[in-house]
$ cat protein01.cif   # mmCIF, C-alpha atoms
data_structure
#
loop_
_atom_site.label_atom_id
_atom_site.label_comp_id
_atom_site.auth_asym_id
_atom_site.auth_seq_id
_atom_site.Cartn_x
_atom_site.Cartn_y
_atom_site.Cartn_z
CA MET A 1355 0.00 0.00 0.00
CA LEU A 1356 2.78 2.40 0.96
CA GLY A 1357 4.68 1.50 -2.21
CA GLU A 1358 1.63 2.14 -4.36
CA ALA A 1359 1.07 5.51 -2.71
CA LEU A 1360 4.72 6.50 -3.22
CA LEU A 1361 4.57 5.38 -6.86
CA LYS A 1362 1.36 7.32 -7.44
CA GLY A 1363 2.85 10.42 -5.82
CA ALA A 1364 5.99 10.15 -7.91
CA SER A 1365 3.93 9.73 -11.08
CA THR A 1366 1.89 12.80 -10.22
CA ARG A 1367 5.04 14.86 -9.63
CA VAL A 1368 6.50 13.72 -12.94
CA ALA A 1369 3.26 14.52 -14.74
CA GLY A 1370 3.21 17.91 -13.05
CA MET A 1371 6.76 18.66 -14.15
CA MET A 1372 5.98 17.63 -17.72
CA ALA A 1373 2.78 19.66 -17.72
CA GLY A 1374 4.63 22.66 -16.34
CA ALA A 1375 7.25 22.43 -19.07
CA GLN A 1376 4.57 22.00 -21.71
CA LEU A 1377 2.64 24.98 -20.36
CA GLY A 1378 5.80 27.05 -20.41
CA ARG A 1379 6.30 26.35 -24.11
CA LEU A 1380 2.63 27.02 -24.82
CA ALA A 1381 2.76 30.29 -22.87
CA ASP A 1382 5.77 31.43 -24.90
CA GLU A 1383 4.01 30.60 -28.18
CA LEU A 1384 0.79 32.34 -27.17
CA ARG A 1385 2.56 35.45 -25.87
CA ALA A 1386 4.38 35.70 -29.17
CA ALA A 1387 0.97 35.71 -30.89
CA GLY A 1388 -0.51 38.32 -28.54
CA GLY A 1389 -1.25 36.12 -25.51
CA LEU A 1390 -4.39 35.02 -23.70
CA PRO A 1391 -5.68 36.63 -20.49
CA LEU A 1392 -5.60 33.21 -18.79
CA ARG A 1393 -3.81 31.80 -15.74
CA ILE A 1394 -3.56 28.01 -15.42
CA VAL A 1395 -3.00 26.73 -11.89
CA LEU A 1396 -1.57 23.22 -11.52
CA PRO A 1397 -2.49 20.83 -8.67
CA ASP A 1398 0.76 21.64 -6.82
CA GLY A 1399 -0.18 25.33 -6.69
CA SER A 1400 2.25 26.51 -9.36
CA HIS A 1401 0.84 28.50 -12.23
CA LYS A 1402 1.51 29.77 -15.72
CA ASP A 1403 0.13 32.99 -17.18
CA LEU A 1404 -0.61 32.78 -20.89
CA GLY A 1405 -0.78 36.56 -21.22
CA GLU A 1406 0.23 39.73 -19.44
CA THR A 1407 -2.90 40.41 -17.36
CA PRO A 1408 -4.96 37.25 -16.71
CA ARG A 1409 -8.70 37.87 -16.23
CA VAL A 1410 -9.69 34.20 -16.03
CA THR A 1411 -8.10 31.47 -13.90
CA LEU A 1412 -8.38 27.77 -14.73
CA SER A 1413 -7.39 25.63 -11.73
CA ILE A 1414 -6.68 21.95 -12.35
CA ARG A 1415 -7.88 19.92 -9.35
CA ASP A 1416 -7.40 16.43 -10.76
CA PRO A 1417 -3.74 15.53 -11.42
CA SER A 1418 -4.82 12.80 -13.87
CA LEU A 1419 -5.74 15.55 -16.32
CA LEU A 1420 -2.16 16.72 -16.63
CA GLY A 1421 -1.07 14.05 -19.09
CA GLY A 1422 -3.69 15.03 -21.66
CA LEU A 1423 -3.46 18.78 -21.25
CA GLY A 1424 -1.72 19.21 -24.58
CA GLN A 1425 -4.62 17.51 -26.39
CA ALA A 1426 -7.43 19.40 -24.63
CA THR A 1427 -10.69 20.09 -26.44
CA LEU A 1428 -13.35 22.63 -25.55
CA GLY A 1429 -15.83 19.87 -24.78
CA GLY A 1430 -13.25 18.04 -22.70
CA LEU A 1431 -12.56 21.14 -20.62
CA ALA A 1432 -16.30 21.69 -20.20
CA GLU A 1433 -16.81 18.12 -19.01
CA ALA A 1434 -13.89 18.41 -16.58
CA TYR A 1435 -15.50 21.57 -15.15
CA VAL A 1436 -18.89 19.89 -14.75
CA GLU A 1437 -17.31 16.93 -12.99
CA GLY A 1438 -15.37 19.20 -10.61
CA ARG A 1439 -11.97 18.24 -11.99
CA ILE A 1440 -11.18 21.86 -12.86
CA ASP A 1441 -12.49 25.17 -11.56
CA ILE A 1442 -12.91 28.43 -13.43
CA ASP A 1443 -12.74 31.86 -11.84
CA GLY A 1444 -13.77 34.91 -13.85
CA ASP A 1445 -16.52 35.83 -16.27
CA LEU A 1446 -17.78 32.58 -17.79
CA VAL A 1447 -18.73 34.06 -21.16
CA GLU A 1448 -15.21 35.45 -21.49
CA ALA A 1449 -13.80 32.15 -20.23
CA ILE A 1450 -15.51 30.26 -23.07
CA GLY A 1451 -13.94 32.55 -25.64
CA ILE A 1452 -10.52 32.18 -24.05
CA GLY A 1453 -10.98 28.41 -23.91
CA ALA A 1454 -11.85 28.31 -27.60
CA ARG A 1455 -8.68 30.20 -28.47
CA LEU A 1456 -6.65 27.94 -26.18
CA VAL A 1457 -7.83 24.67 -27.75
CA GLN A 1458 -7.38 26.16 -31.21
CA ALA A 1459 -3.73 26.76 -30.33
CA LEU A 1460 -3.57 23.13 -29.16
CA GLY A 1461 -4.93 21.89 -32.52
CA ALA A 1462 -8.60 21.29 -31.65
CA PRO A 1463 -10.56 24.24 -33.13
CA VAL A 1464 -14.35 24.39 -32.97
CA SER A 1465 -14.31 24.83 -36.76
CA ALA A 1466 -13.21 21.19 -37.22
CA ARG A 1467 -16.70 19.68 -37.21
CA PRO A 1468 -17.27 15.92 -36.89
CA GLN A 1469 -19.75 13.96 -38.98
CA LEU A 1470 -23.26 13.79 -37.55
CA ALA A 1471 -24.68 10.42 -36.50
CA PRO A 1472 -28.47 11.01 -36.55
CA ALA A 1473 -30.50 9.40 -33.76
CA ALA A 1474 -33.70 7.40 -34.31
CA HIS A 1475 -35.91 9.82 -32.30
CA GLU A 1476 -38.66 7.41 -31.30
CA GLN A 1477 -41.48 8.79 -29.19
CA ARG A 1478 -40.49 7.18 -25.89
CA ALA A 1479 -36.86 8.29 -26.24
CA ASP A 1480 -37.91 11.82 -27.22
CA ARG A 1481 -40.11 12.10 -24.12
CA ALA A 1482 -37.16 11.08 -21.93
CA ASP A 1483 -34.85 13.56 -23.68
CA ILE A 1484 -37.30 16.43 -23.26
CA ARG A 1485 -37.84 15.68 -19.59
CA HIS A 1486 -34.08 15.48 -19.02
CA HIS A 1487 -33.78 19.11 -20.10
CA TYR A 1488 -37.08 20.75 -19.18
CA ASP A 1489 -38.06 18.98 -15.97
CA VAL A 1490 -35.13 20.33 -13.98
CA GLY A 1491 -37.70 22.23 -11.93
CA ASN A 1492 -39.94 25.20 -12.67
CA ASP A 1493 -38.48 27.21 -9.78
CA PHE A 1494 -34.98 26.86 -11.21
CA TYR A 1495 -36.04 28.23 -14.59
CA ARG A 1496 -38.00 30.99 -12.88
CA LEU A 1497 -34.77 32.26 -11.31
CA TRP A 1498 -33.24 33.43 -14.57
CA LEU A 1499 -35.97 33.57 -17.23
CA ASP A 1500 -38.18 36.62 -17.75
CA GLU A 1501 -41.43 37.19 -15.87
CA ALA A 1502 -43.44 35.26 -18.51
CA MET A 1503 -40.95 32.34 -18.46
CA VAL A 1504 -40.20 32.42 -22.19
CA TYR A 1505 -37.39 29.94 -22.83
CA SER A 1506 -36.44 30.96 -26.37
CA CYS A 1507 -34.69 33.80 -28.16
CA ALA A 1508 -35.96 37.28 -27.30
CA TYR A 1509 -36.30 40.14 -29.80
CA PHE A 1510 -34.36 43.38 -29.27
CA ASP A 1511 -34.76 46.71 -31.00
CA THR A 1512 -31.60 48.43 -29.74
CA GLY A 1513 -30.06 45.78 -27.49
CA ALA A 1514 -30.54 47.99 -24.42
CA GLU A 1515 -33.94 46.51 -23.54
CA ASP A 1516 -34.39 44.40 -20.42
CA ILE A 1517 -35.24 40.74 -20.89
CA ASP A 1518 -38.93 41.17 -19.98
CA SER A 1519 -39.46 43.83 -22.66
CA ALA A 1520 -37.49 41.87 -25.26
CA GLN A 1521 -39.50 38.71 -24.67
CA ARG A 1522 -42.81 40.56 -24.95
CA ALA A 1523 -41.53 42.03 -28.21
CA LYS A 1524 -40.69 38.52 -29.45
CA LEU A 1525 -44.17 37.22 -28.67
CA ASP A 1526 -45.70 40.15 -30.56
CA HIS A 1527 -43.25 39.62 -33.43
CA ILE A 1528 -44.43 36.03 -33.82
CA CYS A 1529 -48.11 36.95 -33.57
CA ARG A 1530 -47.71 39.73 -36.15
CA LYS A 1531 -45.87 37.46 -38.57
CA LEU A 1532 -48.68 34.93 -38.29
CA ARG A 1533 -51.28 37.70 -38.72
CA LEU A 1534 -53.30 36.28 -35.84
CA ALA A 1535 -56.88 37.49 -35.76
CA PRO A 1536 -59.72 37.04 -33.24
CA GLY A 1537 -61.46 33.68 -33.48
CA GLU A 1538 -58.67 31.93 -35.39
CA ARG A 1539 -57.48 28.51 -34.26
CA PHE A 1540 -53.81 28.66 -33.25
CA LEU A 1541 -51.45 25.76 -32.50
CA ASP A 1542 -48.20 26.20 -30.52
CA ILE A 1543 -45.94 23.14 -30.88
CA GLY A 1544 -43.48 22.86 -28.01
CA CYS A 1545 -45.26 25.54 -25.98
CA GLY A 1546 -43.09 25.52 -22.86
CA TRP A 1547 -44.83 27.12 -19.88
CA GLY A 1548 -47.52 28.58 -22.13
CA ALA A 1549 -46.30 32.16 -22.64
CA LEU A 1550 -47.14 32.32 -26.35
CA VAL A 1551 -50.47 30.56 -25.86
CA LEU A 1552 -51.41 33.06 -23.16
CA HIS A 1553 -50.21 36.03 -25.21
CA ALA A 1554 -51.97 34.95 -28.39
CA ALA A 1555 -55.25 34.17 -26.66
CA GLY A 1556 -55.21 37.18 -24.35
CA ARG A 1557 -54.01 39.89 -26.73
CA TYR A 1558 -55.00 38.59 -30.17
CA GLY A 1559 -58.25 36.81 -29.34
CA VAL A 1560 -57.38 33.43 -30.89
CA ARG A 1561 -58.39 29.99 -29.65
CA ALA A 1562 -55.01 28.56 -28.72
CA VAL A 1563 -53.74 25.04 -28.12
CA GLY A 1564 -50.23 24.36 -26.92
CA ILE A 1565 -48.52 20.99 -26.71
CA THR A 1566 -45.45 19.87 -24.76
CA LEU A 1567 -43.80 16.64 -23.62
CA SER A 1568 -42.78 18.11 -20.25
CA GLU A 1569 -45.14 17.29 -17.40
CA GLN A 1570 -43.88 20.18 -15.29
CA GLN A 1571 -44.38 22.65 -18.13
CA ALA A 1572 -47.90 21.39 -18.87
CA ALA A 1573 -48.94 21.59 -15.22
CA LEU A 1574 -47.71 25.15 -14.71
CA ALA A 1575 -49.09 26.32 -18.06
CA GLY A 1576 -52.52 25.01 -17.08
CA GLU A 1577 -52.35 26.90 -13.79
CA ARG A 1578 -51.37 30.12 -15.56
CA ILE A 1579 -54.19 29.80 -18.08
CA ALA A 1580 -56.71 29.34 -15.26
CA ALA A 1581 -55.28 32.29 -13.32
CA ALA A 1582 -55.60 34.49 -16.41
CA GLY A 1583 -59.23 33.47 -16.90
CA LEU A 1584 -58.48 32.15 -20.40
CA HIS A 1585 -59.55 28.52 -19.94
CA GLU A 1586 -62.29 28.87 -22.58
CA ARG A 1587 -59.84 30.10 -25.23
CA ALA A 1588 -56.57 28.40 -24.32
CA GLU A 1589 -55.31 24.98 -23.28
CA VAL A 1590 -52.00 23.15 -23.00
CA LEU A 1591 -51.82 19.41 -23.58
CA LEU A 1592 -49.20 16.78 -22.81
CA LEU A 1593 -48.98 15.55 -26.39
CA ASP A 1594 -46.40 14.49 -28.98
CA TYR A 1595 -46.63 16.33 -32.31
CA ARG A 1596 -46.93 12.95 -34.04
CA ASP A 1597 -50.25 12.39 -32.24
CA LEU A 1598 -51.82 15.66 -33.41
CA PRO A 1599 -53.70 14.17 -36.40
CA GLN A 1600 -55.37 11.55 -34.23
CA ARG A 1601 -56.30 14.10 -31.58
CA PHE A 1602 -57.62 16.90 -33.81
CA GLY A 1603 -58.00 15.65 -37.37
CA PRO A 1604 -56.81 17.36 -40.58
CA GLY A 1605 -57.06 21.11 -41.13
CA ALA A 1606 -57.98 21.83 -37.52
CA PHE A 1607 -55.97 25.06 -37.26
CA ASP A 1608 -55.53 28.33 -39.12
CA LYS A 1609 -52.05 29.18 -37.84
CA ALA A 1610 -49.20 27.30 -36.14
CA ALA A 1611 -45.93 28.19 -34.45
CA SER A 1612 -43.07 25.96 -33.41
CA VAL A 1613 -40.64 27.85 -31.18
CA GLY A 1614 -37.41 26.20 -30.04
CA MET A 1615 -38.78 22.73 -30.67
CA PHE A 1616 -37.61 21.41 -34.02
CA GLU A 1617 -34.07 21.02 -32.66
CA HIS A 1618 -35.46 17.95 -30.85
CA VAL A 1619 -37.14 16.44 -33.91
CA GLY A 1620 -34.05 14.91 -35.54
CA LEU A 1621 -32.85 15.35 -39.11
CA ARG A 1622 -34.41 12.10 -40.31
CA ASN A 1623 -37.81 13.13 -38.92
CA LEU A 1624 -37.94 16.65 -40.34
CA PRO A 1625 -39.93 15.68 -43.48
CA ALA A 1626 -42.56 13.92 -41.35
CA TYR A 1627 -42.56 16.77 -38.83
CA PHE A 1628 -43.30 19.47 -41.40
CA ALA A 1629 -45.80 17.20 -43.16
CA THR A 1630 -47.63 16.68 -39.86
CA VAL A 1631 -47.84 20.41 -39.20
CA ALA A 1632 -49.00 21.04 -42.77
CA GLY A 1633 -51.75 18.46 -42.33
CA MET A 1634 -53.01 20.27 -39.25
CA LEU A 1635 -53.48 23.55 -41.16
CA ARG A 1636 -56.16 24.64 -43.55
CA ASP A 1637 -55.22 25.62 -47.09
CA ARG A 1638 -53.36 28.97 -46.90
CA GLY A 1639 -52.75 28.44 -43.19
CA LEU A 1640 -49.50 29.88 -41.90
CA MET A 1641 -46.64 28.23 -40.01
CA LEU A 1642 -43.78 30.00 -38.27
CA ASN A 1643 -40.82 27.78 -37.43
CA HIS A 1644 -38.44 29.40 -34.95
CA GLY A 1645 -35.40 27.22 -34.29
CA ILE A 1646 -31.66 26.89 -33.88
CA THR A 1647 -29.81 25.79 -36.99
CA SER A 1648 -26.32 24.57 -37.75
CA ALA A 1649 -23.94 27.04 -39.35
CA ASP A 1650 -22.54 24.13 -41.35
CA VAL A 1651 -24.13 23.31 -44.71
CA GLU A 1652 -23.72 19.59 -43.94
CA SER A 1653 -25.53 20.06 -40.59
CA ARG A 1654 -22.46 18.89 -38.67
CA PRO A 1655 -22.22 19.76 -34.96
CA VAL A 1656 -19.75 22.25 -33.49
CA GLY A 1657 -16.24 20.83 -33.28
CA SER A 1658 -13.67 20.44 -30.50
CA CYS A 1659 -16.15 18.04 -28.83
CA ALA A 1660 -18.42 20.98 -27.90
CA GLY A 1661 -21.36 19.35 -29.67
CA ASP A 1662 -20.67 16.10 -27.80
CA PHE A 1663 -20.79 17.97 -24.49
CA ILE A 1664 -24.18 19.51 -25.30
CA GLY A 1665 -25.52 16.11 -26.34
CA LYS A 1666 -24.31 14.40 -23.17
CA TYR A 1667 -25.19 16.99 -20.56
CA VAL A 1668 -27.78 19.41 -21.97
CA PHE A 1669 -29.83 18.30 -25.00
CA PRO A 1670 -29.63 14.51 -25.45
CA ASN A 1671 -29.97 13.62 -29.14
CA GLY A 1672 -30.47 17.24 -30.21
CA GLU A 1673 -29.70 17.76 -33.91
CA LEU A 1674 -29.37 21.07 -35.71
CA PRO A 1675 -30.17 21.16 -39.43
CA HIS A 1676 -28.75 23.83 -41.67
CA LEU A 1677 -31.25 26.46 -42.80
CA ALA A 1678 -31.21 24.98 -46.31
CA VAL A 1679 -32.35 21.61 -44.96
CA ALA A 1680 -35.18 23.19 -42.96
CA VAL A 1681 -36.41 25.22 -45.94
CA ARG A 1682 -36.17 22.22 -48.28
CA ASP A 1683 -38.18 19.96 -45.99
CA MET A 1684 -40.69 22.71 -45.23
CA ALA A 1685 -41.23 23.31 -48.95
CA ALA A 1686 -41.51 19.59 -49.64
CA ALA A 1687 -44.37 19.44 -47.14
CA GLY A 1688 -46.33 21.98 -49.18
CA PHE A 1689 -45.30 25.27 -47.60
CA GLU A 1690 -44.43 28.30 -49.70
CA VAL A 1691 -41.69 30.02 -47.72
CA PHE A 1692 -42.49 33.72 -47.50
CA ASP A 1693 -40.07 35.19 -44.96
CA ILE A 1694 -36.76 34.16 -43.37
CA GLU A 1695 -35.16 36.16 -40.55
CA SER A 1696 -31.92 35.42 -38.70
CA LEU A 1697 -32.09 36.12 -34.96
CA ARG A 1698 -28.51 35.09 -34.19
CA PRO A 1699 -27.46 38.39 -32.53
CA HIS A 1700 -30.73 38.42 -30.59
CA TYR A 1701 -30.00 34.99 -29.14
CA ALA A 1702 -26.47 35.96 -28.14
CA LEU A 1703 -28.01 38.86 -26.18
CA THR A 1704 -30.78 36.68 -24.73
CA LEU A 1705 -28.34 34.06 -23.47
CA ALA A 1706 -26.10 36.75 -22.00
CA HIS A 1707 -29.12 38.05 -20.04
CA TRP A 1708 -29.94 34.54 -18.81
CA SER A 1709 -26.33 33.84 -17.88
CA ARG A 1710 -26.01 37.08 -15.88
CA ARG A 1711 -29.31 36.48 -14.12
CA LEU A 1712 -28.27 32.97 -13.10
CA GLU A 1713 -24.85 34.18 -11.92
CA GLN A 1714 -26.61 36.77 -9.73
CA ARG A 1715 -28.70 34.03 -8.09
CA LEU A 1716 -26.21 31.22 -7.60
CA GLN A 1717 -27.00 30.74 -3.93
CA GLN A 1718 -30.70 30.29 -4.65
CA ALA A 1719 -29.96 28.03 -7.62
CA ALA A 1720 -27.68 25.83 -5.49
CA SER A 1721 -30.64 25.13 -3.19
CA GLN A 1722 -32.72 23.85 -6.12
CA VAL A 1723 -30.34 21.75 -8.21
CA SER A 1724 -27.18 19.76 -7.57
CA GLU A 1725 -23.74 21.35 -7.83
CA ARG A 1726 -23.09 19.28 -10.95
CA ALA A 1727 -26.34 20.41 -12.61
CA LEU A 1728 -25.62 24.02 -11.73
CA ARG A 1729 -22.18 23.78 -13.33
CA VAL A 1730 -23.82 22.38 -16.48
CA TRP A 1731 -26.27 25.26 -16.71
CA ARG A 1732 -23.73 27.96 -15.93
CA LEU A 1733 -21.46 26.67 -18.66
CA TYR A 1734 -24.28 26.02 -21.12
CA LEU A 1735 -25.78 29.52 -20.95
CA ALA A 1736 -22.44 31.30 -21.08
CA GLY A 1737 -21.09 29.00 -23.79
CA CYS A 1738 -24.11 29.36 -26.05
CA SER A 1739 -24.04 33.15 -25.70
CA HIS A 1740 -20.47 33.11 -26.95
CA GLY A 1741 -21.27 30.51 -29.61
CA PHE A 1742 -24.09 32.54 -31.14
CA ALA A 1743 -22.02 35.72 -31.00
CA GLN A 1744 -19.25 33.94 -32.92
CA GLY A 1745 -21.55 32.29 -35.46
CA TRP A 1746 -20.96 28.69 -34.38
CA MET A 1747 -24.72 28.21 -34.88
CA ASN A 1748 -27.64 30.36 -35.96
CA LEU A 1749 -31.34 30.80 -35.29
CA TYR A 1750 -33.97 31.50 -37.93
CA GLN A 1751 -37.65 32.29 -38.05
CA VAL A 1752 -39.11 30.81 -41.23
CA LEU A 1753 -42.66 31.77 -42.21
CA GLY A 1754 -44.54 29.67 -44.73
CA SER A 1755 -48.03 29.41 -46.20
CA ARG A 1756 -49.59 26.01 -46.78
CA GLN A 1757 -50.52 25.92 -50.47
CA VAL A 1758 -52.94 23.14 -51.40
CA GLU A 1759 -54.77 24.63 -54.36
CA PRO A 1760 -52.97 26.71 -57.02
CA GLY A 1761 -52.96 30.45 -56.66
CA ALA A 1762 -51.67 33.25 -54.46
CA THR A 1763 -51.11 33.14 -50.73
CA GLU A 1764 -53.29 35.22 -48.42
CA LEU A 1765 -50.32 37.42 -47.53
CA PRO A 1766 -49.77 41.07 -48.60
CA LEU A 1767 -47.35 41.87 -51.39
CA THR A 1768 -44.72 43.32 -49.05
CA ARG A 1769 -43.54 42.49 -45.55
CA SER A 1770 -44.05 45.98 -44.08
CA TRP A 1771 -46.89 44.72 -41.84
CA ILE A 1772 -44.41 42.60 -39.86
CA TYR A 1773 -42.63 45.69 -38.53
CA ARG A 1774 -45.54 48.08 -38.01
#
$ encode --input "protein01.cif" --output "structure tokens"
Amino acid sequence: MLGEALLKGASTRVAGMMAGAQLGRLADELRAAGGLPLRIVLPDGSHKDLGETPRVTLSIRDPSLLGGLGQATLGGLAEAYVEGRIDIDGDLVEAIGIGARLVQALGAPVSARPQLAPAAHEQRADRADIRHHYDVGNDFYRLWLDEAMVYSCAYFDTGAEDIDSAQRAKLDHICRKLRLAPGERFLDIGCGWGALVLHAAGRYGVRAVGITLSEQQAALAGERIAAAGLHERAEVLLLDYRDLPQRFGPGAFDKAASVGMFEHVGLRNLPAYFATVAGMLRDRGLMLNHGITSADVESRPVGSCAGDFIGKYVFPNGELPHLAVAVRDMAAAGFEVFDIESLRPHYALTLAHWSRRLEQRLQQAASQVSERALRVWRLYLAGCSHGFAQGWMNLYQVLGSRQVEPGATELPLTRSWIYR
């Protein structure tokens, strides 16, 4: 036992010496290229500064990481942080950017995207994946979302708006694009806690139905509808989109929105997904698809194992299609695409708001989720804010009209009505 302990200690010291030497060479190379504002602290307490004035400190707690430090990936560093093997001090959004530059210098850039291996996305598995992400607890989400609990990209006019104003603007932006009118039948696919359903029914006078696979979302949405006195015009159901035809029949709705949901559908299921939504709409009915897309034309995930990290810890089996894939499959289902708008800068701002709000409430958050889960969410929000700002992924609103019979759409000739 004593011999094993001595051998392990000696191995750790050797690894530390090698890592220190390797960090020294890396620091020299990075300083020659302008440097990084990063300090790396080794398990023995020694440290290397990779630039003149470090603003972020990465402390390695697990000596077993030292041997692979020269082959670090962004996803690998993220996983080590979640598992408590490293700590990060400093602004997390800035830390993600510094980490991306560090792993690029080590030969693992996020631009080197791996091939996508599409998942099957069967109903039972999809339910489990959705609940993994959304059933963390309503109180946890309430800590850092806006007052209406809208868990999707907000819409900013100047960028100076608070998150509550920007989310109200987004809900109005969607309702205007869909030209919602009193008495129309409106379907919200992936409705979350019911914010859009409530907004559309309360302010635009539609009869709204929302569907979700999250039990916690459905329960709270039902309570909010009742509290608003909208139970005769709005409802939220625990329902898979594939079961819509059986529940409602064809052509049951005038308008439909899918906000932050089609990322969970899977690339192989996109044709069936859009065909299902088309079948739920009347001829000339409108659909707005609001979703995250890959920045890669082959729909490959972000490189440096960042996509793997998101799949393991945040969105199991999430798949991001490129915009071209989404438009192709939407058109193949019978939609004439009328308007496409990128909201990438809006989502970078939204995620920055969420990240700051969570950071301001860490003590409360720690009482609601485990330390490991909190590390996941801190890293996820900050990382995605940086990722959208850098263009690692995008987000588009795509508006289409279902065209069954030949002829014009029911839309005006210009798009000026969207921005009135």
$ residues_around --input "protein01.cif" --residues "region 1448-1457 of chain A" --least-positions-apart "2" --cutoff "7 Å" --atoms "all atoms listed in the file" --output "list in words"
Leu1390, Val1410, Ala1426, Thr1427, Leu1428, Gly1444, Asp1445, Leu1446, Ala1459, Leu1460, Gly1461, Ala1462, Pro1463, Gly1737 and His1740 of chain A
$ write_last_selection --input "protein01.cif" --atoms "C-alpha atoms" --output "compact mmCIF listing (two decimals), in the frame of the given file"
# COMPACT_ATOMS: atom_id res chain seq x y z
CA LEU A 1390 -4.39 35.02 -23.70
CA VAL A 1410 -9.69 34.20 -16.03
CA ALA A 1426 -7.43 19.40 -24.63
CA THR A 1427 -10.69 20.09 -26.44
CA LEU A 1428 -13.35 22.63 -25.55
CA GLY A 1444 -13.77 34.91 -13.85
CA ASP A 1445 -16.52 35.83 -16.27
CA LEU A 1446 -17.78 32.58 -17.79
CA ALA A 1459 -3.73 26.76 -30.33
CA LEU A 1460 -3.57 23.13 -29.16
CA GLY A 1461 -4.93 21.89 -32.52
CA ALA A 1462 -8.60 21.29 -31.65
CA PRO A 1463 -10.56 24.24 -33.13
CA GLY A 1737 -21.09 29.00 -23.79
CA HIS A 1740 -20.47 33.11 -26.95
$ closest_residue --input "protein01.cif" --among "A:Glu1433, A:Glu1515, A:Glu1569, A:Glu1673" --to "His1618 (chain A)" --atoms "only C-alpha atoms"
A:Glu1673
$ atom_distance --input "protein01.cif" --atom1 "CA of Val1681 (chain A)" --atom2 "CA of Val1560 (chain A)"
27.1 Å
$ residues_around --input "protein01.cif" --residues "Gly1491 (chain A)" --least-positions-apart "4" --cutoff "10 Å" --atoms "only C-alpha atoms" --output "number ranges by chain"
A: 1487, 1495-1496, 1570-1571, 1722-1723
$ closest_residue --input "protein01.cif" --among "A:Asp1542, A:Asp1594, A:Asp1526, A:Glu1652" --to "Ile1772 (chain A)" --atoms "all atoms listed in the file"
A:Asp1526
$ closest_atom_pairs --input "protein01.cif" --of "region 1456-1561 of chain A" --to "region 1747-1761 of chain A" --cutoff "12 Å" --atoms "only C-alpha atoms" --output "Markdown table"
| residue | atom | partner | partner_atom | distance |
| --- | --- | --- | --- | --- |
| A:Val1464 | CA | A:Met1747 | CA | 11.2 |
| A:Ser1465 | CA | A:Met1747 | CA | 11.1 |
| A:Arg1467 | CA | A:Met1747 | CA | 11.9 |
| A:Ser1506 | CA | A:Leu1749 | CA | 10.3 |
| A:Cys1507 | CA | A:Leu1749 | CA | 8.4 |
| A:Ala1508 | CA | A:Leu1749 | CA | 11.3 |
| A:Tyr1509 | CA | A:Gln1751 | CA | 11.5 |
| A:Lys1524 | CA | A:Gln1751 | CA | 11.0 |
| A:His1527 | CA | A:Gln1751 | CA | 10.3 |
| A:Ile1528 | CA | A:Gln1751 | CA | 8.8 |
| A:Cys1529 | CA | A:Leu1753 | CA | 11.5 |
| A:Arg1530 | CA | A:Leu1753 | CA | 11.2 |
| A:Lys1531 | CA | A:Leu1753 | CA | 7.5 |
| A:Leu1532 | CA | A:Leu1753 | CA | 7.8 |
| A:Arg1533 | CA | A:Leu1753 | CA | 11.0 |
$ residues_near_point --input "protein01.cif" --point "(-45.7, 18.0, -44.4)" --cutoff "10 Å" --atoms "all atoms listed in the file" --output "list of chain:residue names"
A:Leu1624, A:Pro1625, A:Ala1626, A:Tyr1627, A:Phe1628, A:Ala1629, A:Thr1630, A:Val1631, A:Ala1632, A:Gly1633, A:Met1634, A:Asp1683, A:Met1684, A:Ala1685, A:Ala1686, A:Ala1687, A:Gly1688, A:Phe1689, A:Arg1756
$ resolve_selection --input "protein01.cif" --expression "the PyMOL selection byres ((chain A and resi 1598-1609) around 6)" --output "list of chain:residue names"
A:Arg1539, A:Phe1540, A:Tyr1595, A:Arg1596, A:Asp1597, A:Ala1610, A:Gly1633, A:Met1634, A:Leu1635, A:Arg1636, A:Gly1639, A:Leu1640, A:Met1641
$ build_atoms --input "protein01.cif" --residues "region 1588-1595 of chain A" --atoms "N, CA and C atoms" --output "PDB file, in the coordinates of the input"
ATOM      1  N   ALA A1588     -57.937  28.902 -24.282  1.00  0.00           N
ATOM      2  CA  ALA A1588     -56.570  28.400 -24.320  1.00  0.00           C
ATOM      3  C   ALA A1588     -56.451  27.108 -23.524  1.00  0.00           C
ATOM      4  N   GLU A1589     -55.608  26.206 -24.014  1.00  0.00           N
ATOM      5  CA  GLU A1589     -55.310  24.980 -23.280  1.00  0.00           C
ATOM      6  C   GLU A1589     -53.921  24.481 -23.666  1.00  0.00           C
ATOM      7  N   VAL A1590     -53.295  23.770 -22.749  1.00  0.00           N
ATOM      8  CA  VAL A1590     -52.000  23.150 -23.000  1.00  0.00           C
ATOM      9  C   VAL A1590     -52.118  21.659 -22.712  1.00  0.00           C
ATOM     10  N   LEU A1591     -51.678  20.864 -23.673  1.00  0.00           N
ATOM     11  CA  LEU A1591     -51.820  19.410 -23.580  1.00  0.00           C
ATOM     12  C   LEU A1591     -50.457  18.737 -23.528  1.00  0.00           C
ATOM     13  N   LEU A1592     -50.383  17.637 -22.812  1.00  0.00           N
ATOM     14  CA  LEU A1592     -49.200  16.780 -22.810  1.00  0.00           C
ATOM     15  C   LEU A1592     -49.341  15.847 -24.004  1.00  0.00           C
ATOM     16  N   LEU A1593     -48.718  16.244 -25.129  1.00  0.00           N
ATOM     17  CA  LEU A1593     -48.980  15.550 -26.390  1.00  0.00           C
ATOM     18  C   LEU A1593     -47.767  15.629 -27.302  1.00  0.00           C
ATOM     19  N   ASP A1594     -47.455  14.532 -27.975  1.00  0.00           N
ATOM     20  CA  ASP A1594     -46.400  14.490 -28.980  1.00  0.00           C
ATOM     21  C   ASP A1594     -46.960  15.025 -30.303  1.00  0.00           C
ATOM     22  N   TYR A1595     -46.137  15.761 -31.040  1.00  0.00           N
ATOM     23  CA  TYR A1595     -46.630  16.330 -32.310  1.00  0.00           C
ATOM     24  C   TYR A1595     -47.095  15.256 -33.265  1.00  0.00           C
TER      25      TYR A1595
END
